[in-house]
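Containing mmCIF, C-alpha atoms: coords-v7.cif.
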data_upload
#
loop_
_atom_site.group_PDB
_atom_site.id
_atom_site.type_symbol
_atom_site.label_atom_id
_atom_site.label_comp_id
_atom_site.auth_asym_id
_atom_site.auth_seq_id
_atom_site.Cartn_x
_atom_site.Cartn_y
_atom_site.Cartn_z
ATOM 1 C CA MET O 776 117.035 89.586 97.005
ATOM 2 C CA SER O 777 114.157 87.520 98.272
ATOM 3 C CA ASP O 778 114.276 83.917 97.153
ATOM 4 C CA THR O 779 110.886 82.828 98.366
ATOM 5 C CA ALA O 780 108.086 82.613 95.862
ATOM 6 C CA THR O 781 104.637 82.919 97.368
ATOM 7 C CA ASP O 782 102.451 79.947 96.635
ATOM 8 C CA LEU O 783 99.118 81.325 95.540
ATOM 9 C CA SER O 784 97.874 77.995 94.246
ATOM 10 C CA THR O 785 95.712 77.407 97.299
ATOM 11 C CA HIS O 786 93.425 80.262 96.194
ATOM 12 C CA ARG O 787 90.536 79.186 94.058
ATOM 13 C CA SER O 788 91.178 81.186 90.938
ATOM 14 C CA LEU O 789 90.360 81.356 87.257
ATOM 15 C CA LEU O 790 94.051 82.011 86.697
ATOM 16 C CA ARG O 791 97.301 80.560 87.787
ATOM 17 C CA ILE O 792 98.828 83.419 89.806
ATOM 18 C CA GLU O 793 102.375 83.241 90.993
ATOM 19 C CA ARG O 794 104.677 85.706 92.656
ATOM 20 C CA VAL O 795 107.903 85.518 90.695
ATOM 21 C CA ALA O 796 110.875 85.247 92.979
ATOM 22 C CA SER O 797 114.216 86.699 92.139
ATOM 23 C CA GLN O 798 113.679 88.729 89.007
ATOM 24 C CA GLY O 799 116.672 90.947 88.399
ATOM 25 C CA MET O 800 115.599 94.494 87.515
ATOM 26 C CA ILE O 801 117.843 97.415 86.644
ATOM 27 C CA ALA O 802 116.624 100.966 86.050
ATOM 28 C CA LEU O 803 118.598 102.771 83.368
ATOM 29 C CA ARG O 804 117.976 106.471 82.917
ATOM 30 C CA GLY O 805 119.535 108.510 80.140
ATOM 31 C CA GLY O 806 119.009 109.775 76.630
ATOM 32 C CA LEU O 807 117.436 106.768 74.928
ATOM 33 C CA GLY O 808 118.290 108.100 71.480
ATOM 34 C CA SER O 809 122.023 108.306 72.155
ATOM 35 C CA ALA O 810 124.236 105.918 70.211
ATOM 36 C CA ALA O 811 126.459 105.343 73.254
ATOM 37 C CA LEU O 812 123.516 104.149 75.358
ATOM 38 C CA GLY O 813 122.334 101.795 72.621
ATOM 39 C CA LYS O 814 125.808 100.376 72.229
ATOM 40 C CA GLY O 815 126.346 99.934 75.975
ATOM 41 C CA LEU O 816 122.967 98.252 76.353
ATOM 42 C CA ARG O 817 123.617 95.869 73.470
ATOM 43 C CA LYS O 818 126.993 94.935 74.873
ATOM 44 C CA ALA O 819 125.592 94.105 78.315
ATOM 45 C CA THR O 820 122.291 92.469 77.360
ATOM 46 C CA GLY O 821 122.448 91.726 73.637
ATOM 47 C CA LEU O 822 119.311 93.816 73.155
ATOM 48 C CA ALA O 823 118.576 97.101 71.428
ATOM 49 C CA VAL O 824 116.668 100.039 72.932
ATOM 50 C CA PRO O 825 112.983 99.064 72.578
ATOM 51 C CA GLY O 826 110.468 101.207 70.739
ATOM 52 C CA LEU O 827 107.872 103.389 72.431
ATOM 53 C CA ARG O 828 106.027 101.372 75.141
ATOM 54 C CA GLU O 829 107.563 98.101 74.044
ATOM 55 C CA ILE O 830 109.402 95.278 75.733
ATOM 56 C CA ALA O 831 111.996 93.084 74.017
ATOM 57 C CA HIS O 832 113.469 89.784 75.151
ATOM 58 C CA ASP O 833 116.469 87.826 73.933
ATOM 59 C CA GLU O 834 115.964 84.334 72.437
ATOM 60 C CA THR O 835 116.384 82.574 75.765
ATOM 61 C CA GLY O 836 114.017 84.963 77.550
ATOM 62 C CA ALA O 837 116.653 85.514 80.214
ATOM 63 C CA PHE O 838 117.219 89.190 79.439
ATOM 64 C CA GLY O 839 114.602 91.777 78.631
ATOM 65 C CA VAL O 840 114.445 95.529 78.133
ATOM 66 C CA ALA O 841 111.255 97.537 78.680
ATOM 67 C CA TRP O 842 110.447 101.129 77.720
ATOM 68 C CA MET O 843 109.396 102.896 80.936
ATOM 69 C CA SER O 844 109.380 106.579 79.929
ATOM 70 C CA PRO O 845 111.124 108.826 77.360
ATOM 71 C CA ASP O 846 114.278 108.682 79.478
ATOM 72 C CA GLU O 847 114.040 105.397 81.342
ATOM 73 C CA LEU O 848 114.423 101.706 80.551
ATOM 74 C CA MET O 849 113.954 98.707 82.790
ATOM 75 C CA ILE O 850 116.390 95.877 82.173
ATOM 76 C CA LEU O 851 115.264 92.396 83.205
ATOM 77 C CA THR O 852 118.040 89.987 84.067
ATOM 78 C CA PRO O 853 118.409 86.549 85.612
ATOM 79 C CA PRO O 854 118.739 87.045 89.375
ATOM 80 C CA GLY O 855 122.365 86.049 89.693
ATOM 81 C CA VAL O 856 123.832 88.473 87.188
ATOM 82 C CA VAL O 857 122.399 91.851 88.267
ATOM 83 C CA HIS O 858 125.673 93.219 89.616
ATOM 84 C CA GLU O 859 127.609 91.824 86.696
ATOM 85 C CA THR O 860 125.201 93.447 84.220
ATOM 86 C CA ILE O 861 125.382 96.791 86.048
ATOM 87 C CA ALA O 862 129.188 96.626 85.920
ATOM 88 C CA GLN O 863 129.097 95.891 82.189
ATOM 89 C CA LEU O 864 126.670 98.771 81.610
ATOM 90 C CA HIS O 865 128.892 101.102 83.665
ATOM 91 C CA GLU O 866 131.781 100.134 81.487
ATOM 92 C CA GLY O 867 129.829 100.512 78.251
ATOM 93 C CA LEU O 868 128.354 103.877 79.269
ATOM 94 C CA ALA O 869 131.553 105.362 80.680
ATOM 95 C CA GLY O 870 131.842 109.046 79.846
ATOM 96 C CA ASN O 871 128.133 109.382 79.012
ATOM 97 C CA HIS O 872 125.403 110.737 81.231
ATOM 98 C CA ALA O 873 123.221 107.889 82.490
ATOM 99 C CA THR O 874 122.171 106.501 85.837
ATOM 100 C CA LEU O 875 121.853 102.868 86.848
ATOM 101 C CA ALA O 876 120.060 101.433 89.856
ATOM 102 C CA ASP O 877 119.428 97.885 91.021
ATOM 103 C CA MET O 878 115.652 97.794 91.490
ATOM 104 C CA SER O 879 115.307 94.017 91.975
ATOM 105 C CA ASP O 880 114.251 94.384 95.597
ATOM 106 C CA ALA O 881 112.118 97.471 94.997
ATOM 107 C CA ARG O 882 109.507 95.763 92.871
ATOM 108 C CA ALA O 883 107.405 92.613 92.958
ATOM 109 C CA VAL O 884 106.611 90.573 89.855
ATOM 110 C CA PHE O 885 103.488 88.471 89.320
ATOM 111 C CA ALA O 886 103.013 85.869 86.595
ATOM 112 C CA LEU O 887 99.401 85.386 85.524
ATOM 113 C CA GLU O 888 98.320 82.544 83.310
ATOM 114 C CA GLY O 889 94.963 81.362 82.063
ATOM 115 C CA ALA O 890 92.386 81.960 79.359
ATOM 116 C CA PRO O 891 90.592 84.859 81.156
ATOM 117 C CA VAL O 892 93.818 86.748 81.957
ATOM 118 C CA ARG O 893 92.822 89.773 79.850
ATOM 119 C CA ASP O 894 89.422 89.937 81.546
ATOM 120 C CA VAL O 895 90.957 89.859 85.018
ATOM 121 C CA LEU O 896 93.415 92.622 84.129
ATOM 122 C CA ALA O 897 90.663 94.680 82.518
ATOM 123 C CA LYS O 898 88.774 94.630 85.821
ATOM 124 C CA LEU O 899 91.703 96.331 87.520
ATOM 125 C CA CYS O 900 93.343 98.599 84.927
ATOM 126 C CA PRO O 901 91.803 101.343 82.708
ATOM 127 C CA VAL O 902 93.419 99.843 79.611
ATOM 128 C CA ASP O 903 92.156 98.207 76.415
ATOM 129 C CA PHE O 904 93.447 94.635 76.739
ATOM 130 C CA ALA O 905 92.005 93.371 73.431
ATOM 131 C CA PRO O 906 94.686 91.218 71.774
ATOM 132 C CA GLU O 907 94.865 93.538 68.745
ATOM 133 C CA ALA O 908 95.176 96.650 70.939
ATOM 134 C CA PHE O 909 97.614 95.044 73.377
ATOM 135 C CA PRO O 910 99.748 92.521 71.471
ATOM 136 C CA ALA O 911 102.749 90.603 72.736
ATOM 137 C CA GLY O 912 105.721 92.931 72.940
ATOM 138 C CA ALA O 913 103.638 95.869 74.171
ATOM 139 C CA PHE O 914 104.429 97.245 77.615
ATOM 140 C CA ARG O 915 101.997 99.447 79.509
ATOM 141 C CA ARG O 916 102.454 101.372 82.730
ATOM 142 C CA THR O 917 99.112 102.091 84.335
ATOM 143 C CA ARG O 918 97.302 101.564 87.606
ATOM 144 C CA ALA O 919 95.682 98.454 89.070
ATOM 145 C CA ALA O 920 92.888 99.720 91.312
ATOM 146 C CA GLN O 921 94.811 102.180 93.501
ATOM 147 C CA VAL O 922 98.469 101.448 92.814
ATOM 148 C CA ALA O 923 100.901 101.886 89.928
ATOM 149 C CA VAL O 924 101.737 98.770 87.922
ATOM 150 C CA ALA O 925 103.223 97.781 84.583
ATOM 151 C CA VAL O 926 101.854 94.937 82.454
ATOM 152 C CA TRP O 927 103.009 92.956 79.455
ATOM 153 C CA PHE O 928 102.097 89.659 77.834
ATOM 154 C CA THR O 929 104.559 86.798 77.504
ATOM 155 C CA ALA O 930 102.071 84.605 75.585
ATOM 156 C CA PRO O 931 98.493 85.165 74.345
ATOM 157 C CA GLU O 932 97.144 83.923 77.694
ATOM 158 C CA ALA O 933 100.020 84.754 80.012
ATOM 159 C CA ALA O 934 100.906 88.139 81.455
ATOM 160 C CA ARG O 935 103.434 89.624 83.826
ATOM 161 C CA LEU O 936 102.567 92.422 86.188
ATOM 162 C CA ILE O 937 105.033 94.401 88.269
ATOM 163 C CA CYS O 938 104.343 96.756 91.144
ATOM 164 C CA PHE O 939 106.235 98.279 94.023
ATOM 165 C CA ARG O 940 107.132 95.629 96.540
ATOM 166 C CA SER O 941 105.588 97.708 99.351
ATOM 167 C CA VAL O 942 102.140 97.185 97.772
ATOM 168 C CA ALA O 943 102.701 93.561 96.684
ATOM 169 C CA GLY O 944 100.312 92.240 99.341
ATOM 170 C CA TYR O 945 97.593 94.582 98.137
ATOM 171 C CA VAL O 946 98.127 93.596 94.492
ATOM 172 C CA GLU O 947 98.139 89.908 95.424
ATOM 173 C CA GLU O 948 94.750 90.254 97.102
ATOM 174 C CA LEU O 949 93.447 92.311 94.188
ATOM 175 C CA LEU O 950 94.464 89.642 91.696
ATOM 176 C CA CYS O 951 92.966 86.845 93.804
ATOM 177 C CA THR O 952 89.696 88.746 94.228
ATOM 178 C CA ALA O 953 89.430 89.740 90.574
ATOM 179 C CA SER O 954 90.140 86.198 89.419
ATOM 180 C CA ALA O 955 87.842 84.406 91.856
ATOM 181 C CA PRO O 956 85.488 81.843 90.274
ATOM 182 C CA GLY O 957 82.086 83.361 89.667
ATOM 183 C CA GLY O 958 83.620 86.665 88.639
ATOM 184 C CA GLU O 959 83.819 85.898 84.923
ATOM 185 C CA VAL O 960 82.914 88.918 82.812
ATOM 186 C CA GLY O 961 83.303 87.409 79.329
ATOM 187 C CA LEU O 962 84.694 90.582 77.771
ATOM 188 C CA TYR O 963 87.626 89.116 75.841
ATOM 189 C CA HIS O 964 87.284 85.461 76.805
ATOM 190 C CA ARG O 965 83.903 83.863 76.205
ATOM 191 C CA MET R 257 85.663 111.656 82.372
ATOM 192 C CA LEU R 258 88.489 113.079 80.296
ATOM 193 C CA LEU R 259 90.521 111.090 77.817
ATOM 194 C CA LEU R 260 93.974 112.638 77.558
ATOM 195 C CA THR R 261 96.777 111.696 75.181
ATOM 196 C CA CYS R 262 100.180 111.931 76.788
ATOM 197 C CA PRO R 263 102.518 113.839 74.433
ATOM 198 C CA HIS R 264 105.505 111.948 75.902
ATOM 199 C CA CYS R 265 104.456 108.292 75.706
ATOM 200 C CA HIS R 266 101.590 108.856 73.210
ATOM 201 C CA VAL R 267 99.158 106.721 75.133
ATOM 202 C CA THR R 268 95.526 107.800 75.312
ATOM 203 C CA ALA R 269 94.375 107.137 78.835
ATOM 204 C CA GLU R 270 91.510 108.148 81.034
ATOM 205 C CA GLU R 271 91.942 110.885 83.592
ATOM 206 C CA THR R 272 92.433 108.607 86.629
ATOM 207 C CA GLU R 273 95.843 107.700 85.217
ATOM 208 C CA PHE R 274 96.825 111.391 85.419
ATOM 209 C CA ALA R 275 97.225 113.799 88.337
ATOM 210 C CA PRO R 276 96.052 117.406 87.880
ATOM 211 C CA GLY R 277 98.579 120.192 88.430
ATOM 212 C CA GLY R 278 96.577 123.416 88.116
ATOM 213 C CA GLN R 279 96.812 126.374 85.764
ATOM 214 C CA ALA R 280 99.496 126.233 83.083
ATOM 215 C CA HIS R 281 101.889 128.913 81.836
ATOM 216 C CA LEU R 282 102.199 130.781 85.131
ATOM 217 C CA LYS R 283 104.999 133.324 85.043
ATOM 218 C CA ARG R 284 106.902 133.944 88.242
ATOM 219 C CA PRO R 285 107.318 137.684 88.860
ATOM 220 C CA GLN R 286 110.756 139.264 89.264
ATOM 221 C CA PRO R 287 111.999 139.639 92.864
ATOM 222 C CA GLU R 288 111.385 143.411 92.849
ATOM 223 C CA ALA R 289 107.794 143.043 91.612
ATOM 224 C CA GLY R 290 106.317 143.501 95.082
ATOM 225 C CA ASP R 291 103.956 141.614 97.372
ATOM 226 C CA ASP R 292 100.843 142.100 95.282
ATOM 227 C CA ALA R 293 102.438 140.495 92.239
ATOM 228 C CA PHE R 294 103.620 137.549 94.346
ATOM 229 C CA GLU R 295 100.268 137.144 96.044
ATOM 230 C CA SER R 296 98.660 136.995 92.637
ATOM 231 C CA TYR R 297 101.286 134.519 91.403
ATOM 232 C CA MET R 298 100.831 132.300 94.440
ATOM 233 C CA PHE R 299 97.091 132.376 94.980
ATOM 234 C CA THR R 300 95.012 134.128 92.345
ATOM 235 C CA ARG R 301 93.713 131.647 89.819
ATOM 236 C CA PRO R 302 91.083 132.108 87.167
ATOM 237 C CA ASN R 303 88.220 129.623 87.261
ATOM 238 C CA PRO R 304 87.102 129.848 83.658
ATOM 239 C CA MET R 305 83.886 128.489 82.221
ATOM 240 C CA GLY R 306 85.295 127.498 78.873
ATOM 241 C CA VAL R 307 88.786 127.022 77.494
ATOM 242 C CA HIS R 308 91.393 126.239 80.101
ATOM 243 C CA LEU R 309 95.100 125.397 79.776
ATOM 244 C CA GLU R 310 95.906 123.013 82.570
ATOM 245 C CA ARG R 311 98.961 121.128 83.834
ATOM 246 C CA TRP R 312 98.678 117.363 84.307
ATOM 247 C CA ARG R 313 101.155 114.656 85.207
ATOM 248 C CA HIS R 314 100.973 111.174 83.702
ATOM 249 C CA ALA R 315 101.334 109.891 87.258
ATOM 250 C CA TYR R 316 100.568 106.201 86.713
ATOM 251 C CA GLY R 317 102.187 106.104 83.293
ATOM 252 C CA CYS R 318 105.460 107.598 82.128
ATOM 253 C CA GLY R 319 105.522 110.143 84.981
ATOM 254 C CA LYS R 320 106.004 113.178 82.739
ATOM 255 C CA TRP R 321 104.247 116.557 82.922
ATOM 256 C CA LEU R 322 102.022 117.790 80.126
ATOM 257 C CA ILE R 323 99.596 120.596 79.413
ATOM 258 C CA ALA R 324 96.039 119.912 78.303
ATOM 259 C CA ALA R 325 93.927 122.503 76.480
ATOM 260 C CA ARG R 326 90.346 121.666 77.343
ATOM 261 C CA CYS R 327 86.920 123.162 77.853
ATOM 262 C CA THR R 328 85.711 123.096 81.456
ATOM 263 C CA VAL R 329 82.071 123.190 80.356
ATOM 264 C CA THR R 330 81.911 120.538 77.641
ATOM 265 C CA LEU R 331 85.017 118.589 78.761
ATOM 266 C CA GLU R 332 86.200 118.684 75.155
ATOM 267 C CA VAL R 333 89.973 118.254 74.923
ATOM 268 C CA PHE R 334 91.511 120.406 72.175
ATOM 269 C CA GLY R 335 94.959 118.910 72.513
ATOM 270 C CA THR R 336 97.908 118.210 74.769
ATOM 271 C CA TYR R 337 101.543 119.259 74.588
ATOM 272 C CA PRO R 338 104.663 118.823 76.724
ATOM 273 C CA ALA R 339 104.909 120.984 79.839
ATOM 274 C CA GLN R 340 108.345 122.190 78.687
ATOM 275 C CA THR R 341 106.555 124.728 76.479
ATOM 276 C CA ALA R 342 106.436 128.418 77.421
ATOM 277 C CA ALA R 343 103.248 129.264 75.498
ATOM 278 C CA PRO R 344 100.529 127.207 73.808
ATOM 279 C CA PRO R 345 101.787 125.959 70.401
ATOM 280 C CA ALA R 346 100.286 127.610 67.298
ATOM 281 C CA GLU R 347 98.630 124.363 66.233
ATOM 282 C CA ILE R 348 96.760 124.055 69.558
ATOM 283 C CA VAL R 349 95.737 127.738 69.451
ATOM 284 C CA LYS R 350 94.408 127.181 65.915
ATOM 285 C CA LYS R 351 92.358 124.178 67.032
ATOM 286 C CA ILE R 352 90.856 126.100 69.948
ATOM 287 C CA LYS R 353 90.100 129.193 67.812
ATOM 288 C CA LYS R 354 88.307 127.036 65.277
ATOM 289 C CA LYS R 355 85.826 125.930 67.939
ATOM 290 C CA ARG R 356 85.934 129.011 70.198
ATOM 291 C CA PRO R 357 86.699 132.043 67.971
ATOM 292 C CA GLU R 358 86.303 134.477 70.892
ATOM 293 C CA TRP R 359 89.067 132.821 72.953
ATOM 294 C CA GLU R 360 92.383 134.623 73.382
ATOM 295 C CA ALA R 361 95.611 132.859 74.402
ATOM 296 C CA PRO R 362 96.799 134.093 77.835
ATOM 297 C CA ALA R 363 99.554 136.703 77.631
#
Show me the file's structure as structure tokens.
Amino acid sequence: MSDTATDLSTHRSLLRIERVASQGMIALRGGLGSAALGKGLRKATGLAVPGLREIAHDETGAFGVAWMSPDELMILTPPGVVHETIAQLHEGLAGNHATLADMSDARAVFALEGAPVRDVLAKLCPVDFAPEAFPAGAFRRTRAAQVAVAVWFTAPEAARLICFRSVAGYVEELLCTASAPGGEVGLYHR
Amino acid sequence: MLLLTCPHCHVTAEETEFAPGGQAHLKRPQPEAGDDAFESYMFTRPNPMGVHLERWRHAYGCGKWLIAARCTVTLEVFGTYPAQTAAPPAEIVKKIKKKRPEWEAPA
């Protein structure tokens, strides 16, 4: 896993944009309605299967579970415990059909913070980012310009965005361009 | 611009979040059906002005396949349903017939 976080603070930006280093990510595919999966997930992460297009975190914020599709979850873990969590899930799901994959190195995570964060995202994604339409706890897979991303809010003015690591450079430039001073649109933030 | 509702993740998104997959409900002929039947299965597609049942994939979203019943002239969307459906559901057929009484579901 890469330990280097890119410093994007030198860019003049309306937002604070940071590439999050070392986010543990595990893809879990299986029948999300099955009791065995729910039990195994709770045992390993302390969290229940989230509702449709939702993301849930534990109290410390260390672990998270996001709804990716009707048969896929993404489990967020602290970087050091990915293998441990996978082993626990394997144990908890033994005898049931499910697949687990360590995706930590496959994806890049960006943390965006600032009052116009919803405006910047709305420039890139065909999604309604109004706070009432996209509250905290909602998780949306969509596209940012030309690549697939997923977005959620960690606070009213702070969002996380994940994309494939192979397009992280593209997304980084997109975010810097869309958040450049002078590009205020005043849609959600006036 | 089409607005489609994914029947899998129930999100209403614009068409750039989806990838088109061509005519829906194609039936593969039996092996003994002959070349003509296969040629038709492979290549012959209707290009209707009006109601069309079309496969789409929620490519940037949940990644699942769906079928959209829409009008190619007015771009009206009558409804969407999962691609794991052999024939258009009665409820979708009813909705289409209400607006387009002359339309017949493909055999």
Hits of the PyMOL selection byres ((chain R) within 6 of (chain O)) in this structure, as a VMD selection string = chain R and resid 316 to 318
Counting only C-alpha atoms, write as an mmCIF file with C-alpha atoms, in the frame of the given file all protein and nucleic acid residues lying at most 8 Å from (108.5, 95.0, 94.3) in the file's frame.
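Output below, filename result19.cif:
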data_model
loop_
_atom_site.group_PDB
_atom_site.id
_atom_site.type_symbol
_atom_site.label_atom_id
_atom_site.label_comp_id
_atom_site.auth_asym_id
_atom_site.auth_seq_id
_atom_site.Cartn_x
_atom_site.Cartn_y
_atom_site.Cartn_z
ATOM 1 C CA SER O 879 115.307 94.017 91.975
ATOM 2 C CA ASP O 880 114.251 94.384 95.597
ATOM 3 C CA ALA O 881 112.118 97.471 94.997
ATOM 4 C CA ARG O 882 109.507 95.763 92.871
ATOM 5 C CA ALA O 883 107.405 92.613 92.958
ATOM 6 C CA VAL O 884 106.611 90.573 89.855
ATOM 7 C CA ILE O 937 105.033 94.401 88.269
ATOM 8 C CA CYS O 938 104.343 96.756 91.144
ATOM 9 C CA PHE O 939 106.235 98.279 94.023
ATOM 10 C CA ARG O 940 107.132 95.629 96.540
ATOM 11 C CA SER O 941 105.588 97.708 99.351
ATOM 12 C CA VAL O 942 102.140 97.185 97.772
ATOM 13 C CA ALA O 943 102.701 93.561 96.684
#
Residues at most 12 Å from O:Ala823, counting all atoms listed in the file, excluding those fewer than 5 positions away in the same chain, as a tab-separated table (two decimals) with C-alpha atoms, in the frame of the given file?
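What follows is the written file part_6.tsv:
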chain	number	residue	atom	x	y	z
O	807	LEU	CA	117.44	106.77	74.93
O	808	GLY	CA	118.29	108.10	71.48
O	809	SER	CA	122.02	108.31	72.16
O	810	ALA	CA	124.24	105.92	70.21
O	811	ALA	CA	126.46	105.34	73.25
O	812	LEU	CA	123.52	104.15	75.36
O	813	GLY	CA	122.33	101.80	72.62
O	814	LYS	CA	125.81	100.38	72.23
O	815	GLY	CA	126.35	99.93	75.97
O	816	LEU	CA	122.97	98.25	76.35
O	817	ARG	CA	123.62	95.87	73.47
O	818	LYS	CA	126.99	94.94	74.87
O	829	GLU	CA	107.56	98.10	74.04
O	830	ILE	CA	109.40	95.28	75.73
O	831	ALA	CA	112.00	93.08	74.02
O	832	HIS	CA	113.47	89.78	75.15
O	833	ASP	CA	116.47	87.83	73.93
O	838	PHE	CA	117.22	89.19	79.44
O	839	GLY	CA	114.60	91.78	78.63
O	840	VAL	CA	114.44	95.53	78.13
O	841	ALA	CA	111.26	97.54	78.68
O	842	TRP	CA	110.45	101.13	77.72
O	848	LEU	CA	114.42	101.71	80.55
O	850	ILE	CA	116.39	95.88	82.17
Show me the residues around (99.9, 125.5, 74.3) - criterion: an atom at most 10 Å away, all atoms listed in the file counted - as a PDB file with C-alpha atoms, in the frame of the given file.
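This went into point-v2.pdb:
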ATOM      1  CA  ALA R 280      99.496 126.233  83.083  1.00  0.00           C
ATOM      2  CA  HIS R 281     101.889 128.913  81.836  1.00  0.00           C
ATOM      3  CA  LEU R 309      95.100 125.397  79.776  1.00  0.00           C
ATOM      4  CA  GLU R 310      95.906 123.013  82.570  1.00  0.00           C
ATOM      5  CA  LEU R 322     102.022 117.790  80.126  1.00  0.00           C
ATOM      6  CA  ILE R 323      99.596 120.596  79.413  1.00  0.00           C
ATOM      7  CA  ALA R 324      96.039 119.912  78.303  1.00  0.00           C
ATOM      8  CA  ALA R 325      93.927 122.503  76.480  1.00  0.00           C
ATOM      9  CA  GLY R 335      94.959 118.910  72.513  1.00  0.00           C
ATOM     10  CA  THR R 336      97.908 118.210  74.769  1.00  0.00           C
ATOM     11  CA  TYR R 337     101.543 119.259  74.588  1.00  0.00           C
ATOM     12  CA  PRO R 338     104.663 118.823  76.724  1.00  0.00           C
ATOM     13  CA  ALA R 339     104.909 120.984  79.839  1.00  0.00           C
ATOM     14  CA  THR R 341     106.555 124.728  76.479  1.00  0.00           C
ATOM     15  CA  ALA R 342     106.436 128.418  77.421  1.00  0.00           C
ATOM     16  CA  ALA R 343     103.248 129.264  75.498  1.00  0.00           C
ATOM     17  CA  PRO R 344     100.529 127.207  73.808  1.00  0.00           C
ATOM     18  CA  PRO R 345     101.787 125.959  70.401  1.00  0.00           C
ATOM     19  CA  ALA R 346     100.286 127.610  67.298  1.00  0.00           C
ATOM     20  CA  GLU R 347      98.630 124.363  66.233  1.00  0.00           C
ATOM     21  CA  ILE R 348      96.760 124.055  69.558  1.00  0.00           C
ATOM     22  CA  VAL R 349      95.737 127.738  69.451  1.00  0.00           C
ATOM     23  CA  ALA R 361      95.611 132.859  74.402  1.00  0.00           C
ATOM     24  CA  PRO R 362      96.799 134.093  77.835  1.00  0.00           C
TER      25      PRO R 362
END
With the file shown as input, list the residues that the PyMOL selection byres ((chain R and resi 314) around 10) selects, as a ChimeraX atom specification.
-> /O:916-917 /R:260-265,267,269,271-276,312-313,315-322
Determine the residue membership of the PyMOL selection byres ((chain R and resi 328) around 7) for the file above and supply it as a PyMOL selection string.
-> chain R and resi 305-308+326-327+329-331
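In terms of minimum interatomic distance to R:His266, O:Gly826 ranks closest within O:His872, O:Gly826, O:Ser788, O:Glu793, counting all atoms listed in the file.
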Would you kindly return, as a count of residues only, each protein, DNA or RNA residue with an atom no farther than 10 Å from any atom of R:Arg301, considering all atoms listed in the file and excluding same-chain residues fewer than 3 positions away?
-> 7
Kindly give the distance, in Å, that separates atom CA of O:Met800 and atom CA of O:Gly867, rounded to a single decimal.
-> 18.0 Å
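Shortest separation to O:Ala905 among O:Ala873, O:Leu962, O:His858, O:Ala953 occurs at residue O:Leu962, atoms counted being all atoms listed in the file.
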If you measure from atom CA of O:Val946 to atom CA of O:Pro891, what distance in Å do you get, rounded to one decimal?
-> 17.6 Å
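One finds atom CA of O:Trp927 at 6.1 Å from atom CA of O:Ala913.
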Distance criterion (only C-alpha atoms): nearest to O:Glu932 out of O:Leu822, O:Ala920, O:Val892, O:Val960 | O:Val892
